[in-house]
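Only one structure is covered here, and it is reproduced in the block below.
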Number of protein chains: 2
Amino acid sequence: MAQNSEEQSLLVGLLDPSSQPNQNNTTKKRRYSRCKSAPIAEFTLPKKDGRGILPRSESIFGKFHPSFMKVVIFLSLYLGVGTLCFVLAKNQIKGEKTNGILDAVYFCVVTMTTVGYGDLVPNSTLTKLLACAFVFMGMALVGLILSNAADYLVEKQEVALVKALNMYNNVGEFDILKEIETNKIKYKFLLNLSLLLLLIMAGTIFLTRVENLDIVDAFYCVCSTITTLGYGDKSFSTEMGRIFAVFWILTSTICVAQFFLYLAELYTEHRQNLLVKWVLTRKLTLVDLEAADLDDNGAVGSTEFVIYKLKEMGKISEEDIALIMREFENLDVDQSGTLSASDLLLPQSSQAEK
Amino acid sequence: MAQNSEEQSLLVGLLDPSSQPNQNNTTKKRRYSRCKSAPIAEFTLPKKDGRGILPRSESIFGKFHPSFMKVVIFLSLYLGVGTLCFVLAKNQIKGEKTNGILDAVYFCVVTMTTVGYGDLVPNSTLTKLLACAFVFMGMALVGLILSNAADYLVEKQEVALVKALNMYNNVGEFDILKEIETNKIKYKFLLNLSLLLLLIMAGTIFLTRVENLDIVDAFYCVCSTITTLGYGDKSFSTEMGRIFAVFWILTSTICVAQFFLYLAELYTEHRQNLLVKWVLTRKLTLVDLEAADLDDNGAVGSTEFVIYKLKEMGKISEEDIALIMREFENLDVDQSGTLSASDLLLPQSSQAEK
């Protein structure tokens with residue numbers, strides 16, 4: 001455990017260039033010697049999605065990336081305005097009605113998730129055009145939820161899942177974090193799948209008990225709802241049913257969409273791993289060596305090799321390298337081909353002049 | 001134009017390490033001197049998505065990436081089997097019927113796109129469960145179409161669009177390709193938007209003419225369909241209408257989904273550009289220099305700088321570097337810290353032993 005916490009502070013140092021120079025220096029030396037000897041899994045905690053590598057870039061992301069709170073605000077606003085509109089225009093909506101406000105919320109949710117049973121339909125030019133506007137905004141909102149909130153919530157539950165899976169093994173907090181980082185998408189997928197099965201069961205049981213459907217009809221209605229198909233021959237017609245539906249439809253349709261997203265992610269990761277493996281194990285030829293030799297000194301250094309292989313893996317492009325190279329030339333005031341402390345004194349001012 | 005074709009052959013050399021050593025050598029030398037002097041835009045044709053950087057990795061992708069043909073085969077298979085099932089079980093489907101086979105195809109398309117009007121609904125346990133199976137498979141298939149075919153088709157039309165936009169300017173083929181590479185997502189988005197507006201108009205006009213809806217109802221039905229809402233109060237009830245619907249629903253629902261995907265992509269690209277700009281323009285400190293100095297020799301070489309900045313941009317992770325570093329250590333048989341021709345003679349055999 002003592003070694004573990006040492007590893008962790010090592011990681012913090014690695015991932016954070018803004019830590020004190022001294023500490024950083026030790027870190028750096030250790031890393032390089034580790035690269036020469038230690039197996040990878042021991043010393044890296046991969047941050048695959050690029051977030052969290054550097055605290056500074058994270059703050060940039062935080063500034064432009066809509067947060068979880070934003071999603072909650074947008075959703076409340078959407079449902080609030082939607083409900084108000086359809087309560088005011090309740091006489092211009094036809095179909096099986098229960099309670100005015102409840103029907104309006106239910107209609108909003110059924111519309112924004114694109115389930116569209118058709119048990120309540122707009123019946124005037126105004127409400128028809130309103131529904132058109134609300135369905136497009138709803139789709140954008142569901143997209144926002146999928147890109148932010150859903151993933152965020154699943155991620156928060158990961159530690160609990162891995163702990164539960166390893167209940168009988170004596171594993172430390174750090175091992176759990178490492179296990180999660182390595183199999184991030186797999187665990188997210190498993191969590192999502194469990195939640196989905198739970199939602200399907202809950203929906204089926206509810207429909208048989210409260211809406212008095214037989215088991216096949218209940219399951220059919222559940223499938224038709226969570227996939228946003230919504231034929232509408234079976235739907236929620238009681239007051240109790242619609243209260244349940246508002247929460248259940250929103251959760252389950254997003255859960256199914258997220259399921260397909262994780263499936264695609266798993267597949268992409270698998271393909272990427274195959275590519276990385278192939279790039280790393282294929283025979284290196286003289287042609288490769290010449291192509292990788294960026295500074296043209298007849299030998300390929302470790303960093304040249306890293307850049308060459310990263311390019312081959314498709315992770316970076318010529319353009320990325322060229323952009324950074326240009327910045328390097330700008331910074332290298334004494335034209336020595338390397339950046340050292342002396343270069344830093346001048347360029348900071350020449351940079352400011354631009 | 002002569003210079004352009006020279007540029008192009010230069011690019012081919014840059015992007016293809018398997019070209020002859022001699023040619024490659026010239027290419028490499030030129031590139032490095034260009035990095036020192038020429039503006040970037042002149043010498044790189046960015047391949048942002050990582051595809052096509054290297055012909056070899058592309059072949060790997062080709063092997064594992066479902067192709068356009070696969071999508072066509074899957075779609076035909078899905079519609080074929082679906083139609084057969086629902087033609088055989090046509091007495092177990094209730095609703096507005098026209099022609100047996102046509103209704104079955106129409107029901108399949110309405111189900112797989114999750115529009116689910118409800119004008120035709122399964123009426124027995126068998127057909128209900130069949131519909132459940134078909135909607136899940138349909139969603140996966142639509143996902144496959146979105147991830148492959150739709151983007152592929154739009155990409156093919158890009159050259160035509162840029163040519164049309166620059167009709168009055170005298171631009172060469174190479175300039176068009178460069179323009180497309182730089183604003184790839186923007187052009188895809190514009191193309192997609194044009195197609196979407198065209199489909200909305202076509203649908204609205206068709207519904208007013210053939211299904212005899214008034215203009216508001218027609219537009220409402222179009223919106224309710226392309227968003228896969230499908231309330232079902234307005235749908236295609238004539239034989240002619242359903243023939244049109246089969247093609248139009250499939251195209252327009254995919255077009256809308258692709259629209260939201262491109263919108264998200266545009267936003268992500270914008271954010272990524274902000275991050276790259278910030279990473280490249282922020283002041284370099286002594287702490288950064290120490291962190292970037294991988295080989296710990298007191299100075300930061302150009303390749304060390306590239307790796308450090310790429311990490312800061314979130315394009316690569318510690319794990320990526322560590323993996324490649326380990327491979328480098330394996331290849332560096334004489335432990336010289338660089339790879340040269342002499343290293344290549346031994347490791348090839350030692351690699352094979354593993």
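Labels used: A, B, ... for chains in the order of the structure tokens, numbers from 1 for residues in each chain, and numbers from 1 for ligands as shown.
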Go through segment 143-230 of chain A and collect every residue that DSSP, computed from the backbone, puts in alpha helix (DSSP H); the answer should be as JSON, numbers by chain. {"A": [143, 144, 150, 151, 152, 153, 154, 155, 156, 157, 158, 159, 160, 161, 162, 163, 164, 165, 173, 174, 175, 176, 177, 178, 179, 180, 181, 182, 184, 185, 186, 187, 188, 189, 190, 191, 192, 193, 194, 195, 196, 197, 198, 199, 200, 201, 202, 203, 204, 205, 206, 207, 208, 209, 215, 216, 217, 218, 219, 220, 221, 222, 223, 224, 225, 226]}
For Phe260 of chain B, list every protein, DNA or RNA residue within 9 Å, evaluated using only C-alpha atoms, and leave out those in the same chain fewer than 6 positions away; present the list as a list in words.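 What passes the distance filter is Met139, Ala140 and Gly143 of chain A.
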Which neighbours of segment 190-198 of chain B fall inside 12 Å, counting only C-alpha atoms, when residues of the same chain fewer than 3 positions from it are skipped, and could you give them as number ranges by chain? B: 150-162, 164-165, 183-187, 201-205, 219, 222-223, 226-227, 248-249, 251-263, 266
Compare B:Asn148, B:Thr281, B:Thr268, B:Ser340 by their minimum atom-to-atom distance to Ser302 of chain A, counting only C-alpha atoms, and give me the closest one.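 Under the stated criterion, the closest residue is B:Ser340.
Distance check against Lys234 of chain B using only C-alpha atoms: of B:Ile145, B:Lys128, B:Lys309, B:Asp119, the minimum falls on B:Asp119.
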Sorted by chain and rising residue number, list the residues of chain A at most 6 Å from chain B (counting only C-alpha atoms), each with its closest atom pair and distance in Å to one decimal, as CSV.
residue,atom,partner,partner_atom,distance
A:Pro21,CA,B:Val287,CA,5.7
A:Pro46,CA,B:Glu319,CA,5.3
A:Gly50,CA,B:Gly314,CA,4.3
A:Thr114,CA,B:Leu229,CA,4.1
A:Val115,CA,B:Leu229,CA,5.7
A:Gly116,CA,B:Tyr231,CA,4.7
A:Tyr117,CA,B:Tyr231,CA,5.5
A:Gly118,CA,B:Tyr231,CA,4.1
A:Cys132,CA,B:Cys223,CA,5.8
A:Cys223,CA,B:Cys132,CA,5.9
A:Thr228,CA,B:Thr114,CA,5.9
A:Leu229,CA,B:Thr114,CA,4.1
A:Gly230,CA,B:Gly116,CA,5.6
A:Tyr231,CA,B:Gly118,CA,4.1
A:Gly232,CA,B:Gly118,CA,5.9
A:Val287,CA,B:Pro21,CA,5.7
A:Ala299,CA,B:Ser340,CA,4.9
A:Val300,CA,B:Leu339,CA,4.8
A:Gly301,CA,B:Thr338,CA,4.4
A:Thr303,CA,B:Thr303,CA,5.8
A:Val306,CA,B:Ile324,CA,5.9
A:Gly314,CA,B:Gly50,CA,4.3
A:Glu319,CA,B:Pro46,CA,5.3
A:Ile324,CA,B:Val306,CA,5.9
A:Thr338,CA,B:Gly301,CA,4.4
A:Leu339,CA,B:Val300,CA,4.8
A:Ser340,CA,B:Ala299,CA,4.9
Keeping N, CA, C and O atoms, export the residues of the selection given above as a compact mmCIF listing (two decimals), in the first residue's frame.
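Just written: out-v8.txt:
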# COMPACT_ATOMS: atom_id res chain seq x y z
N PRO A 21 9.30 22.35 -9.48
CA PRO A 21 10.38 21.87 -10.33
C PRO A 21 11.13 20.69 -9.73
O PRO A 21 11.40 19.71 -10.41
N PRO A 46 -3.60 5.26 -17.56
CA PRO A 46 -3.96 5.92 -18.82
C PRO A 46 -5.21 6.77 -18.70
O PRO A 46 -6.17 6.39 -18.03
N GLY A 50 -8.22 11.67 -23.09
CA GLY A 50 -7.50 12.93 -23.22
C GLY A 50 -7.87 13.94 -22.16
O GLY A 50 -7.16 14.89 -21.94
N THR A 114 -39.01 11.38 -28.90
CA THR A 114 -39.49 10.91 -30.21
C THR A 114 -40.21 9.57 -30.13
O THR A 114 -40.27 8.84 -31.12
N VAL A 115 -40.73 9.23 -28.94
CA VAL A 115 -41.54 8.01 -28.84
C VAL A 115 -42.83 8.21 -29.65
O VAL A 115 -43.19 7.38 -30.49
N GLY A 116 -43.52 9.31 -29.41
CA GLY A 116 -44.70 9.68 -30.18
C GLY A 116 -45.76 8.60 -30.32
O GLY A 116 -46.08 8.18 -31.42
N TYR A 117 -46.34 8.18 -29.18
CA TYR A 117 -47.38 7.15 -29.22
C TYR A 117 -48.53 7.55 -30.15
O TYR A 117 -49.07 6.74 -30.88
N GLY A 118 -48.93 8.81 -30.03
CA GLY A 118 -50.12 9.23 -30.76
C GLY A 118 -51.39 9.10 -29.93
O GLY A 118 -52.49 9.27 -30.46
N CYS A 132 -43.80 20.45 -33.73
CA CYS A 132 -42.65 20.37 -34.64
C CYS A 132 -41.42 21.02 -34.02
O CYS A 132 -40.32 20.47 -34.04
N CYS A 223 -40.69 -2.53 -25.29
CA CYS A 223 -39.75 -2.48 -26.42
C CYS A 223 -40.11 -1.34 -27.36
O CYS A 223 -39.23 -0.61 -27.83
N THR A 228 -38.04 4.09 -28.91
CA THR A 228 -38.73 5.29 -29.43
C THR A 228 -39.61 4.99 -30.64
O THR A 228 -39.97 5.89 -31.39
N LEU A 229 -39.95 3.70 -30.81
CA LEU A 229 -40.82 3.32 -31.91
C LEU A 229 -42.22 3.90 -31.68
O LEU A 229 -42.74 4.65 -32.51
N GLY A 230 -42.82 3.55 -30.55
CA GLY A 230 -44.10 4.13 -30.14
C GLY A 230 -45.24 3.99 -31.13
O GLY A 230 -45.81 4.98 -31.55
N TYR A 231 -45.59 2.73 -31.49
CA TYR A 231 -46.74 2.52 -32.37
C TYR A 231 -47.98 3.21 -31.79
O TYR A 231 -48.76 3.81 -32.51
N GLY A 232 -48.16 3.07 -30.48
CA GLY A 232 -49.26 3.75 -29.83
C GLY A 232 -50.49 2.90 -29.59
O GLY A 232 -51.47 3.38 -29.02
N VAL A 287 13.57 1.41 -44.70
CA VAL A 287 12.74 2.50 -45.21
C VAL A 287 12.05 3.22 -44.05
O VAL A 287 12.00 4.45 -44.00
N ALA A 299 20.39 8.31 -37.50
CA ALA A 299 19.92 7.39 -36.46
C ALA A 299 18.57 7.89 -35.92
O ALA A 299 18.29 9.08 -35.94
N VAL A 300 17.75 6.95 -35.48
CA VAL A 300 16.42 7.30 -34.98
C VAL A 300 16.43 7.29 -33.46
O VAL A 300 16.61 6.24 -32.85
N GLY A 301 16.24 8.45 -32.87
CA GLY A 301 16.18 8.55 -31.43
C GLY A 301 14.84 8.06 -30.91
O GLY A 301 13.91 7.84 -31.69
N THR A 303 12.49 9.58 -29.25
CA THR A 303 11.35 10.48 -29.47
C THR A 303 10.94 10.50 -30.94
O THR A 303 9.77 10.60 -31.26
N VAL A 306 8.87 7.47 -31.38
CA VAL A 306 7.52 7.65 -30.81
C VAL A 306 6.63 8.41 -31.80
O VAL A 306 5.50 8.00 -32.08
N GLY A 314 -2.25 6.54 -36.53
CA GLY A 314 -3.33 7.45 -36.90
C GLY A 314 -3.75 8.37 -35.76
O GLY A 314 -4.77 9.04 -35.85
N GLU A 319 -0.07 17.49 -39.98
CA GLU A 319 -0.46 18.86 -39.66
C GLU A 319 -0.19 19.19 -38.20
O GLU A 319 0.32 20.27 -37.88
N ILE A 324 3.22 22.35 -34.38
CA ILE A 324 4.04 22.42 -33.17
C ILE A 324 5.48 22.74 -33.54
O ILE A 324 6.17 23.49 -32.84
N THR A 338 17.66 23.14 -30.10
CA THR A 338 17.06 22.69 -28.84
C THR A 338 16.58 23.90 -28.06
O THR A 338 17.06 25.02 -28.27
N LEU A 339 15.62 23.66 -27.17
CA LEU A 339 15.15 24.73 -26.28
C LEU A 339 15.84 24.56 -24.94
O LEU A 339 15.86 23.46 -24.38
N SER A 340 16.43 25.64 -24.45
CA SER A 340 16.98 25.58 -23.10
C SER A 340 16.58 26.85 -22.37
O SER A 340 15.88 27.70 -22.93
All residues 10 Å or closer to Asn99 of chain A, only C-alpha atoms, same chain fewer than 5 positions away omitted, as an NGL selection string: :A and (87 or 104 or 238-239 or 242)
Could you pull out the residues in segment 48-283 of chain A that DSSP calls strand (DSSP E or B) from the backbone, as number ranges by chain? A: 93-95, 120-122
